[in-house]
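Trainee: The following file, query-v6.pdb, comprises PDB, C-alpha atoms and all ligand atoms:
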ATOM      1  CA  MET K  66      13.451  27.327   9.568
ATOM      2  CA  SER K  67      16.812  26.985   7.799
ATOM      3  CA  ARG K  68      17.254  27.590   4.090
ATOM      4  CA  PRO K  69      18.202  24.555   2.019
ATOM      5  CA  LEU K  70      21.725  24.292   0.719
ATOM      6  CA  VAL K  71      21.591  25.313  -2.960
ATOM      7  CA  ILE K  72      23.786  23.268  -5.287
ATOM      8  CA  ASP K  73      23.953  23.552  -9.053
ATOM      9  CA  SER K  74      26.665  21.080 -10.058
ATOM     10  CA  VAL K  75      26.721  17.294 -10.058
ATOM     11  CA  ALA K  76      30.206  17.289  -8.490
ATOM     12  CA  ALA K  77      29.077  19.418  -5.514
ATOM     13  CA  LEU K  78      25.910  17.343  -5.145
ATOM     14  CA  ARG K  79      27.926  14.119  -5.005
ATOM     15  CA  ALA K  80      30.343  15.621  -2.442
ATOM     16  CA  GLN K  81      27.465  16.633  -0.159
ATOM     17  CA  ILE K  82      25.743  13.250  -0.470
ATOM     18  CA  ARG K  83      29.081  11.568   0.295
ATOM     19  CA  ASP K  84      29.407  13.635   3.498
ATOM     20  CA  TRP K  85      25.893  12.639   4.566
ATOM     21  CA  ARG K  86      26.608   8.982   3.826
ATOM     22  CA  CYS K  87      29.818   9.181   5.891
ATOM     23  CA  ASP K  88      27.658  10.418   8.768
ATOM     24  CA  GLY K  89      25.373   7.394   8.295
ATOM     25  CA  LEU K  90      22.414   9.478   7.055
ATOM     26  CA  SER K  91      19.739   8.196   4.681
ATOM     27  CA  VAL K  92      18.705  10.286   1.684
ATOM     28  CA  ALA K  93      15.366  10.746  -0.069
ATOM     29  CA  MET K  94      14.800  12.615  -3.314
ATOM     30  CA  VAL K  95      11.859  14.603  -4.675
ATOM     31  CA  PRO K  96      12.389  15.397  -8.371
ATOM     32  CA  THR K  97      10.436  18.492  -9.488
ATOM     33  CA  MET K  98      10.328  21.138 -12.179
ATOM     34  CA  GLY K  99       9.828  23.870  -9.560
ATOM     35  CA  ALA K 100       6.822  26.182  -9.094
ATOM     36  CA  LEU K 101       6.310  24.218  -5.902
ATOM     37  CA  HIS K 102       2.763  23.895  -4.600
ATOM     38  CA  ASP K 103       1.175  22.049  -1.677
ATOM     39  CA  GLY K 104       1.363  18.780  -3.637
ATOM     40  CA  HIS K 105       5.169  19.042  -3.862
ATOM     41  CA  ILE K 106       5.405  20.014  -0.199
ATOM     42  CA  SER K 107       3.471  16.871   0.742
ATOM     43  CA  LEU K 108       6.094  14.854  -1.191
ATOM     44  CA  VAL K 109       8.891  16.518   0.799
ATOM     45  CA  ARG K 110       7.112  15.724   4.072
ATOM     46  CA  ILE K 111       6.747  12.059   3.068
ATOM     47  CA  ALA K 112      10.417  11.994   1.983
ATOM     48  CA  LEU K 113      11.445  13.258   5.425
ATOM     49  CA  GLU K 114       9.396  10.549   7.127
ATOM     50  CA  LYS K 115      11.398   8.003   5.123
ATOM     51  CA  ALA K 116      14.883   9.471   5.316
ATOM     52  CA  GLU K 117      16.975  11.878   7.351
ATOM     53  CA  ARG K 118      17.901  14.122   4.428
ATOM     54  CA  CYS K 119      15.774  15.286   1.507
ATOM     55  CA  VAL K 120      17.113  16.511  -1.837
ATOM     56  CA  VAL K 121      14.616  18.402  -3.992
ATOM     57  CA  SER K 122      15.704  18.826  -7.598
ATOM     58  CA  ILE K 123      14.336  21.751  -9.571
ATOM     59  CA  PHE K 124      14.959  21.380 -13.275
ATOM     60  CA  VAL K 125      12.572  22.283 -16.080
ATOM     61  CA  ASN K 126      13.610  19.402 -18.269
ATOM     62  CA  PRO K 127      13.603  20.405 -21.946
ATOM     63  CA  THR K 128      13.733  16.817 -23.229
ATOM     64  CA  GLN K 129      10.223  16.060 -21.959
ATOM     65  CA  PHE K 130       8.616  19.016 -23.767
ATOM     66  CA  ALA K 131       7.590  18.828 -27.418
ATOM     67  CA  PRO K 132       8.421  21.945 -29.490
ATOM     68  CA  SER K 133       4.741  22.995 -29.386
ATOM     69  CA  GLU K 134       4.539  22.757 -25.577
ATOM     70  CA  ASP K 135       4.993  25.284 -22.760
ATOM     71  CA  LEU K 136       8.741  24.954 -21.982
ATOM     72  CA  ASP K 137       9.353  28.707 -22.260
ATOM     73  CA  LYS K 138       6.352  29.802 -20.266
ATOM     74  CA  TYR K 139       6.536  27.028 -17.634
ATOM     75  CA  PRO K 140       6.343  28.910 -14.286
ATOM     76  CA  ARG K 141       9.749  29.595 -12.733
ATOM     77  CA  GLN K 142       9.868  31.068  -9.187
ATOM     78  CA  LEU K 143      13.057  29.981  -7.499
ATOM     79  CA  ALA K 144      13.085  32.330  -4.483
ATOM     80  CA  ARG K 145       9.557  31.283  -3.527
ATOM     81  CA  ASP K 146      10.422  27.610  -4.094
ATOM     82  CA  LEU K 147      13.390  27.862  -1.718
ATOM     83  CA  ASP K 148      11.159  29.441   0.952
ATOM     84  CA  ARG K 149       8.629  26.654   0.563
ATOM     85  CA  MET K 150      11.368  24.005   0.752
ATOM     86  CA  ALA K 151      12.725  25.629   3.911
ATOM     87  CA  GLY K 152       9.247  25.562   5.451
ATOM     88  CA  ALA K 153       8.960  21.853   4.695
ATOM     89  CA  GLY K 154      12.451  21.071   6.030
ATOM     90  CA  ALA K 155      14.204  19.935   2.816
ATOM     91  CA  GLN K 156      17.946  20.242   3.298
ATOM     92  CA  LEU K 157      19.222  20.479  -0.278
ATOM     93  CA  ALA K 158      17.980  22.109  -3.484
ATOM     94  CA  PHE K 159      19.684  20.713  -6.564
ATOM     95  CA  ILE K 160      19.200  23.273  -9.321
ATOM     96  CA  PRO K 161      21.344  22.353 -12.321
ATOM     97  CA  ASP K 162      21.138  24.310 -15.573
ATOM     98  CA  VAL K 163      20.591  22.716 -18.960
ATOM     99  CA  ALA K 164      24.339  22.593 -19.742
ATOM    100  CA  GLU K 165      25.003  20.710 -16.489
ATOM    101  CA  MET K 166      22.340  18.101 -17.239
ATOM    102  CA  TYR K 167      22.836  17.883 -21.000
ATOM    103  CA  PRO K 168      26.401  18.966 -21.805
ATOM    104  CA  ALA K 169      27.374  19.494 -25.449
ATOM    105  CA  GLY K 170      27.505  16.133 -27.194
ATOM    106  CA  PHE K 171      24.874  14.498 -24.961
ATOM    107  CA  ALA K 172      23.428  11.648 -27.073
ATOM    108  CA  THR K 173      21.600   9.127 -24.867
ATOM    109  CA  ARG K 174      17.889   8.645 -24.423
ATOM    110  CA  ILE K 175      16.065   6.046 -22.331
ATOM    111  CA  SER K 176      12.889   4.600 -23.753
ATOM    112  CA  VAL K 177      10.467   2.775 -21.459
ATOM    113  CA  GLY K 178       7.771   0.427 -22.793
ATOM    114  CA  GLY K 179       5.044  -1.261 -20.739
ATOM    115  CA  PRO K 180       3.177   1.363 -18.714
ATOM    116  CA  ALA K 181       4.492   4.158 -20.950
ATOM    117  CA  ALA K 182       2.409   2.881 -23.876
ATOM    118  CA  GLY K 183      -0.813   4.715 -24.720
ATOM    119  CA  LEU K 184      -2.626   7.395 -22.660
ATOM    120  CA  GLU K 185      -0.144  10.318 -22.406
ATOM    121  CA  SER K 186       2.137   8.776 -25.043
ATOM    122  CA  ASP K 187      -0.647   8.877 -27.633
ATOM    123  CA  PHE K 188      -0.634  12.672 -27.343
ATOM    124  CA  ARG K 189       2.925  13.363 -26.139
ATOM    125  CA  PRO K 190       4.979  10.665 -27.883
ATOM    126  CA  THR K 191       8.394  11.831 -26.628
ATOM    127  CA  PHE K 192       7.339  12.786 -23.104
ATOM    128  CA  PHE K 193       8.197   9.621 -21.176
ATOM    129  CA  ASP K 194      11.559   9.163 -22.912
ATOM    130  CA  GLY K 195      12.442  12.631 -21.651
ATOM    131  CA  VAL K 196      11.143  11.891 -18.152
ATOM    132  CA  ALA K 197      12.902   8.500 -17.952
ATOM    133  CA  THR K 198      16.189   9.967 -19.150
ATOM    134  CA  VAL K 199      16.211  12.851 -16.694
ATOM    135  CA  VAL K 200      14.974  10.751 -13.753
ATOM    136  CA  ALA K 201      17.668   8.120 -14.406
ATOM    137  CA  LYS K 202      20.290  10.883 -14.484
ATOM    138  CA  LEU K 203      18.983  12.482 -11.283
ATOM    139  CA  PHE K 204      19.014   9.117  -9.513
ATOM    140  CA  LEU K 205      22.538   8.306 -10.665
ATOM    141  CA  GLN K 206      23.754  11.767  -9.646
ATOM    142  CA  THR K 207      22.116  11.632  -6.212
ATOM    143  CA  LEU K 208      21.969   7.887  -5.467
ATOM    144  CA  PRO K 209      19.074   8.348  -3.013
ATOM    145  CA  ASP K 210      17.643   5.513  -0.927
ATOM    146  CA  CYS K 211      14.141   6.429  -2.034
ATOM    147  CA  ALA K 212      12.308   8.948  -4.177
ATOM    148  CA  VAL K 213       8.760  10.272  -3.843
ATOM    149  CA  PHE K 214       6.462  10.907  -6.837
ATOM    150  CA  GLY K 215       2.861  12.112  -6.791
ATOM    151  CA  GLU K 216      -0.007   9.906  -7.910
ATOM    152  CA  LYS K 217      -1.348  12.960  -9.733
ATOM    153  CA  ASP K 218       1.015  11.980 -12.580
ATOM    154  CA  TYR K 219      -0.046   8.376 -12.239
ATOM    155  CA  GLN K 220       1.322   7.066 -15.536
ATOM    156  CA  GLN K 221       4.646   8.788 -14.809
ATOM    157  CA  LEU K 222       4.784   7.041 -11.425
ATOM    158  CA  CYS K 223       4.261   3.653 -13.124
ATOM    159  CA  VAL K 224       6.909   4.482 -15.743
ATOM    160  CA  VAL K 225       9.461   5.437 -13.077
ATOM    161  CA  ARG K 226       8.796   2.198 -11.191
ATOM    162  CA  GLN K 227       9.318   0.242 -14.419
ATOM    163  CA  LEU K 228      12.506   2.202 -15.179
ATOM    164  CA  CYS K 229      14.010   1.342 -11.774
ATOM    165  CA  ARG K 230      13.012  -2.290 -12.062
ATOM    166  CA  ASP K 231      14.366  -2.701 -15.588
ATOM    167  CA  LEU K 232      17.647  -0.862 -15.050
ATOM    168  CA  ASP K 233      18.257  -2.210 -11.517
ATOM    169  CA  LEU K 234      18.329   1.308 -10.113
ATOM    170  CA  PRO K 235      18.461   0.743  -6.344
ATOM    171  CA  VAL K 236      15.940   3.445  -5.462
ATOM    172  CA  GLU K 237      12.688   2.689  -3.661
ATOM    173  CA  ILE K 238       9.864   4.532  -5.423
ATOM    174  CA  ILE K 239       7.158   5.866  -3.139
ATOM    175  CA  GLY K 240       3.836   6.980  -4.622
ATOM    176  CA  ALA K 241       2.113   9.793  -2.729
ATOM    177  CA  PRO K 242      -1.604  10.642  -2.757
ATOM    178  CA  THR K 243      -2.717  13.575  -4.888
ATOM    179  CA  VAL K 244      -3.225  16.812  -2.969
ATOM    180  CA  ARG K 245      -6.413  18.652  -4.004
ATOM    181  CA  ASP K 246      -8.025  21.985  -3.307
ATOM    182  CA  ALA K 247     -11.271  22.140  -1.327
ATOM    183  CA  HIS K 248     -13.220  21.500  -4.557
ATOM    184  CA  GLY K 249     -11.248  18.424  -5.611
ATOM    185  CA  LEU K 250      -8.958  20.062  -8.181
ATOM    186  CA  ALA K 251      -5.574  18.306  -8.178
ATOM    187  CA  MET K 252      -2.683  20.672  -7.369
ATOM    188  CA  SER K 253      -0.574  21.319 -10.455
ATOM    189  CA  SER K 254       1.943  23.983 -11.417
ATOM    190  CA  ARG K 255      -0.101  24.460 -14.603
ATOM    191  CA  ASN K 256      -3.192  25.516 -12.579
ATOM    192  CA  ALA K 257      -1.453  28.913 -12.527
ATOM    193  CA  TYR K 258      -2.443  29.295 -16.196
ATOM    194  CA  LEU K 259      -6.185  29.061 -15.399
ATOM    195  CA  SER K 260      -8.527  32.056 -15.125
ATOM    196  CA  GLU K 261     -11.147  32.136 -12.321
ATOM    197  CA  ALA K 262     -13.817  30.949 -14.754
ATOM    198  CA  GLU K 263     -11.569  28.111 -15.997
ATOM    199  CA  LEU K 264     -10.822  27.064 -12.409
ATOM    200  CA  GLY K 265     -14.551  26.513 -11.909
ATOM    201  CA  VAL K 266     -14.632  24.223 -14.939
ATOM    202  CA  ALA K 267     -11.369  22.458 -14.014
ATOM    203  CA  ARG K 268     -12.904  21.425 -10.690
ATOM    204  CA  GLN K 269     -15.430  19.301 -12.576
ATOM    205  CA  LEU K 270     -12.727  16.924 -13.817
ATOM    206  CA  ASN K 271     -12.306  15.073 -10.549
ATOM    207  CA  ALA K 272     -16.057  14.967  -9.902
ATOM    208  CA  VAL K 273     -16.700  13.391 -13.317
ATOM    209  CA  LEU K 274     -13.890  10.861 -12.786
ATOM    210  CA  HIS K 275     -15.271   9.869  -9.378
ATOM    211  CA  ARG K 276     -18.759   9.447 -10.776
ATOM    212  CA  THR K 277     -17.449   7.317 -13.643
ATOM    213  CA  ALA K 278     -15.233   5.168 -11.396
ATOM    214  CA  ALA K 279     -18.225   4.487  -9.139
ATOM    215  CA  ALA K 280     -20.312   3.506 -12.173
ATOM    216  CA  LEU K 281     -17.559   1.147 -13.392
ATOM    217  CA  ALA K 282     -17.218  -0.426  -9.954
ATOM    218  CA  ALA K 283     -20.988  -0.925  -9.929
ATOM    219  CA  GLY K 284     -20.802  -2.811 -13.236
ATOM    220  CA  ALA K 285     -21.288  -0.161 -15.950
ATOM    221  CA  ASP K 286     -19.957  -0.971 -19.422
ATOM    222  CA  GLU K 287     -16.476   0.576 -19.737
ATOM    223  CA  SER K 288     -16.765   2.165 -23.166
ATOM    224  CA  SER K 289     -20.227   3.610 -22.524
ATOM    225  CA  ALA K 290     -19.173   4.967 -19.121
ATOM    226  CA  THR K 291     -15.998   6.619 -20.442
ATOM    227  CA  ALA K 292     -17.837   8.038 -23.480
ATOM    228  CA  GLU K 293     -20.470   9.476 -21.144
ATOM    229  CA  ALA K 294     -17.683  10.971 -18.973
ATOM    230  CA  GLY K 295     -16.200  12.658 -22.062
ATOM    231  CA  ARG K 296     -19.568  14.207 -22.903
ATOM    232  CA  ALA K 297     -19.974  15.371 -19.280
ATOM    233  CA  LEU K 298     -16.576  17.127 -19.401
ATOM    234  CA  VAL K 299     -17.421  18.937 -22.633
ATOM    235  CA  LYS K 300     -20.786  19.937 -21.179
ATOM    236  CA  ALA K 301     -18.985  21.261 -18.081
ATOM    237  CA  GLY K 302     -16.885  23.538 -20.325
ATOM    238  CA  PHE K 303     -13.761  21.566 -21.296
ATOM    239  CA  ASP K 304     -12.736  22.287 -24.880
ATOM    240  CA  LYS K 305     -11.316  18.883 -25.774
ATOM    241  CA  VAL K 306     -10.835  15.524 -24.069
ATOM    242  CA  ASP K 307      -7.643  13.685 -25.050
ATOM    243  CA  TYR K 308      -8.571  10.482 -23.235
ATOM    244  CA  ILE K 309     -10.567   8.946 -20.426
ATOM    245  CA  ALA K 310      -9.592   5.326 -19.910
ATOM    246  CA  ALA K 311      -9.617   2.638 -17.254
ATOM    247  CA  ARG K 312      -6.410   0.669 -16.763
ATOM    248  CA  GLU K 313      -5.150  -2.050 -14.466
ATOM    249  CA  SER K 314      -3.481  -0.099 -11.665
ATOM    250  CA  LEU K 315       0.096  -1.445 -11.730
ATOM    251  CA  ALA K 316       1.117  -2.244 -15.319
ATOM    252  CA  LEU K 317      -1.547   0.037 -16.825
ATOM    253  CA  ALA K 318      -2.706  -2.875 -18.981
ATOM    254  CA  PRO K 319      -6.368  -2.881 -20.064
ATOM    255  CA  TRP K 320      -8.578  -2.930 -16.984
ATOM    256  CA  ARG K 321     -10.280  -6.136 -15.879
ATOM    257  CA  ARG K 322     -13.218  -5.904 -13.562
ATOM    258  CA  ASN K 323     -11.760  -8.266 -10.938
ATOM    259  CA  ARG K 324      -8.558  -6.177 -10.663
ATOM    260  CA  ASP K 325      -7.868  -2.854  -8.933
ATOM    261  CA  GLY K 326      -7.993  -0.223 -11.598
ATOM    262  CA  ARG K 327      -7.281   3.395 -12.267
ATOM    263  CA  LEU K 328      -9.378   5.759 -14.326
ATOM    264  CA  LEU K 329      -7.139   8.309 -16.025
ATOM    265  CA  ALA K 330      -8.012  11.396 -18.042
ATOM    266  CA  ALA K 331      -6.485  14.342 -19.867
ATOM    267  CA  ALA K 332      -8.534  17.277 -21.099
ATOM    268  CA  TRP K 333      -7.986  20.784 -22.409
ATOM    269  CA  LEU K 334      -9.321  24.035 -21.020
ATOM    270  CA  GLY K 335      -8.300  26.749 -23.448
ATOM    271  CA  LYS K 336      -4.525  26.403 -23.811
ATOM    272  CA  THR K 337      -4.121  24.430 -20.573
ATOM    273  CA  ARG K 338      -4.018  20.651 -20.518
ATOM    274  CA  LEU K 339      -5.097  19.048 -17.230
ATOM    275  CA  ILE K 340      -4.645  15.445 -16.147
ATOM    276  CA  ASP K 341      -6.142  13.562 -13.229
ATOM    277  CA  ASN K 342      -6.910  10.013 -12.136
ATOM    278  CA  VAL K 343      -8.886   8.131  -9.496
ATOM    279  CA  GLU K 344      -8.979   4.598  -8.204
ATOM    280  CA  VAL K 345     -11.493   2.094  -9.582
ATOM    281  CA  PRO K 346     -12.048  -0.449  -6.826
ATOM    282  CA  SER K 347     -12.218  -4.100  -7.917
ATOM    283  CA  ALA K 348     -15.718  -5.612  -7.936
TER     284      ALA K 348
HETATM  285  O1  LIG U 401       6.700  15.440 -12.610
HETATM  286  C1  LIG U 401       7.608  16.265 -12.890
HETATM  287  O2  LIG U 401       7.677  17.380 -12.362
HETATM  288  C2  LIG U 401       8.652  15.873 -13.927
HETATM  289  O3  LIG U 401       8.094  15.093 -14.935
HETATM  290  C3  LIG U 401       9.898  15.203 -13.319
HETATM  291  C4  LIG U 401       9.566  13.876 -12.672
HETATM  292  C5  LIG U 401      10.531  16.123 -12.281
HETATM  293  C6  LIG U 401      10.944  14.938 -14.400
HETATM  294  O4  LIG U 401      11.343  16.111 -15.023
END
Once more with this new file: its structure as structure tokens, please.
Ligand code: PAF

Mentor:
Amino acid sequence: MSRPLVIDSVAALRAQIRDWRCDGLSVAMVPTMGALHDGHISLVRIALEKAERCVVSIFVNPTQFAPSEDLDKYPRQLARDLDRMAGAGAQLAFIPDVAEMYPAGFATRISVGGPAAGLESDFRPTFFDGVATVVAKLFLQTLPDCAVFGEKDYQQLCVVRQLCRDLDLPVEIIGAPTVRDAHGLAMSSRNAYLSEAELGVARQLNAVLHRTAAALAAGADESSATAEAGRALVKAGFDKVDYIAARESLALAPWRRNRDGRLLAAAWLGKTRLIDNVEVPSA
């Protein structure tokens, strides 16, 4: 089990990628904000099925956090992350600091429309601009053949696909299934904020989504079914539901019954905001 090479500058990253390219090796990327869990490790494994080398970036990106959000307390555990990357076989950890990614005078921001509209953006209006900007930078710094993103952040996955399409970024985007605990809770770095009692409640989110998706597939009215799901989450112990909505699964346009759909939700448990999504099969 060899430790990944740790690189913190764009120049050193480019030099290493150049060496790999000279040796004819393909490169996959897994962008992360660290605090790696089994979900991230599954992305690394998929990356290594697709390419001979895997770069994992760890960068808690300030431009995707609103001032009221958890940038300062976002879990940071680099030594453990490097161990986990070594176990999964990733060869390179790219760990730039904020000055490397956003040097003094940085003044560009990428804004994606289409799938970025609504859902998360209604509650985190600057989030996807921050994600799109940092992902575009990471891709241009690394120039990977492909990059792997989890379906857990389903809207983000759609936004990144749109970004690559619109800006002709030559990176194949691979969506990876959500990894869950034995009770269906989607793995997330923010699960670390939850108490034991909150974990019990959090596990209801996926169950309610599955029930609602099955009802929609069986013909239930969309607004009644999603309103009922919201009530079920509050009854289960969630403090507030930001949204539960069905969308068409690629462009995230309003869902039509004859199209494959996705049911997406965000809800609060105390100070922790959880998101999840499930497939809604076409009728
Ligand atoms: O999903 C995440 O961890 C982040 O949004 C990403 C894609 C690494 C960009 O900072």

Trainee: Under the rule that only C-alpha atoms and all ligand atoms are counted, which of K:Gln142, K:Asn126, K:Ser91, K:Thr207 is the nearest residue to ligand LIG 401 (chain U)?

Mentor: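 For ligand LIG 401 (chain U), the nearest of the given residues is K:Asn126.
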
Trainee: Just how far from CA of Arg255 in chain K is CA of Thr337 in chain K, in Å to one decimal?

Mentor: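 So the two atoms, CA of Thr337 in chain K and CA of Arg255 in chain K, lie 7.2 Å apart.
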
Trainee: Would you please work out which residue, of K:Asp246, K:Asp137, K:Asp286, K:Asp218, is nearest to Arg268 in chain K when using all atoms listed in the file?

Mentor: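 Using all atoms listed in the file, the shortest distance to Arg268 in chain K belongs to K:Asp246.
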
Trainee: Carefully work through the PyMOL selection byres (((chain K and resi 152) around 10) and not hetatm) for this structure and note down the residues it includes, as a PyMOL selection string.

Mentor: chain K and resi 66-69+106+146-151+153-155

Trainee: To one decimal place in Å, what is the distance between CA of Phe159 in chain K and CA of Gln227 in chain K?

Mentor: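 Answer for the CA of Phe159 in chain K to CA of Gln227 in chain K separation: 24.3 Å.
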
Trainee: Hey, which of K:Pro346, K:Phe214, K:Val120, K:Leu208 ends up closest to Val236 in chain K? Count only C-alpha atoms.

Mentor: K:Leu208

Trainee: Could you tell me which of K:Ala297, K:Gly240, K:Leu232, K:Ile309 comes closest to Leu205 in chain K if we count all atoms listed in the file?

Mentor: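 Among the listed residues, K:Leu232 lies closest to Leu205 in chain K.
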
Trainee: Since the input is missing atoms for range 193-201 of chain K, could you rebuild it with all heavy atoms and give the result as a compact mmCIF listing (two decimals), keeping the file's coordinate frame?

Mentor:
# COMPACT_ATOMS: atom_id res chain seq x y z
N PHE K 193 7.64 10.54 -22.18
CA PHE K 193 8.20 9.62 -21.18
C PHE K 193 9.67 9.28 -21.43
O PHE K 193 10.39 8.96 -20.49
CB PHE K 193 7.34 8.36 -21.05
CG PHE K 193 6.06 8.62 -20.31
CD1 PHE K 193 4.84 8.32 -20.88
CD2 PHE K 193 6.07 9.17 -19.04
CE1 PHE K 193 3.66 8.56 -20.20
CE2 PHE K 193 4.89 9.43 -18.35
CZ PHE K 193 3.68 9.12 -18.93
N ASP K 194 10.12 9.34 -22.68
CA ASP K 194 11.56 9.16 -22.91
C ASP K 194 12.33 10.28 -22.19
O ASP K 194 13.37 10.04 -21.56
CB ASP K 194 11.89 9.25 -24.41
CG ASP K 194 11.45 8.02 -25.18
OD1 ASP K 194 10.81 7.14 -24.58
OD2 ASP K 194 11.73 7.95 -26.39
N GLY K 195 11.79 11.49 -22.31
CA GLY K 195 12.44 12.63 -21.65
C GLY K 195 12.41 12.50 -20.14
O GLY K 195 13.40 12.75 -19.46
N VAL K 196 11.27 12.06 -19.62
CA VAL K 196 11.14 11.89 -18.15
C VAL K 196 12.10 10.79 -17.69
O VAL K 196 12.85 10.95 -16.72
CB VAL K 196 9.68 11.55 -17.76
CG1 VAL K 196 9.61 11.11 -16.30
CG2 VAL K 196 8.77 12.74 -18.00
N ALA K 197 12.07 9.64 -18.39
CA ALA K 197 12.90 8.50 -17.95
C ALA K 197 14.38 8.88 -17.99
O ALA K 197 15.15 8.53 -17.08
CB ALA K 197 12.63 7.29 -18.85
N THR K 198 14.77 9.60 -19.02
CA THR K 198 16.19 9.97 -19.15
C THR K 198 16.61 10.90 -18.01
O THR K 198 17.63 10.68 -17.35
CB THR K 198 16.43 10.64 -20.53
OG1 THR K 198 15.99 9.74 -21.54
CG2 THR K 198 17.89 10.97 -20.73
N VAL K 199 15.79 11.90 -17.73
CA VAL K 199 16.21 12.85 -16.69
C VAL K 199 16.12 12.22 -15.30
O VAL K 199 16.97 12.46 -14.44
CB VAL K 199 15.43 14.19 -16.79
CG1 VAL K 199 14.06 14.11 -16.15
CG2 VAL K 199 16.23 15.32 -16.16
N VAL K 200 15.10 11.37 -15.08
CA VAL K 200 14.97 10.75 -13.75
C VAL K 200 16.15 9.78 -13.53
O VAL K 200 16.74 9.75 -12.44
CB VAL K 200 13.60 10.05 -13.60
CG1 VAL K 200 13.56 9.16 -12.37
CG2 VAL K 200 12.48 11.09 -13.51
N ALA K 201 16.52 9.03 -14.56
CA ALA K 201 17.67 8.12 -14.41
C ALA K 201 18.92 8.93 -14.08
O ALA K 201 19.72 8.56 -13.20
CB ALA K 201 17.86 7.30 -15.68
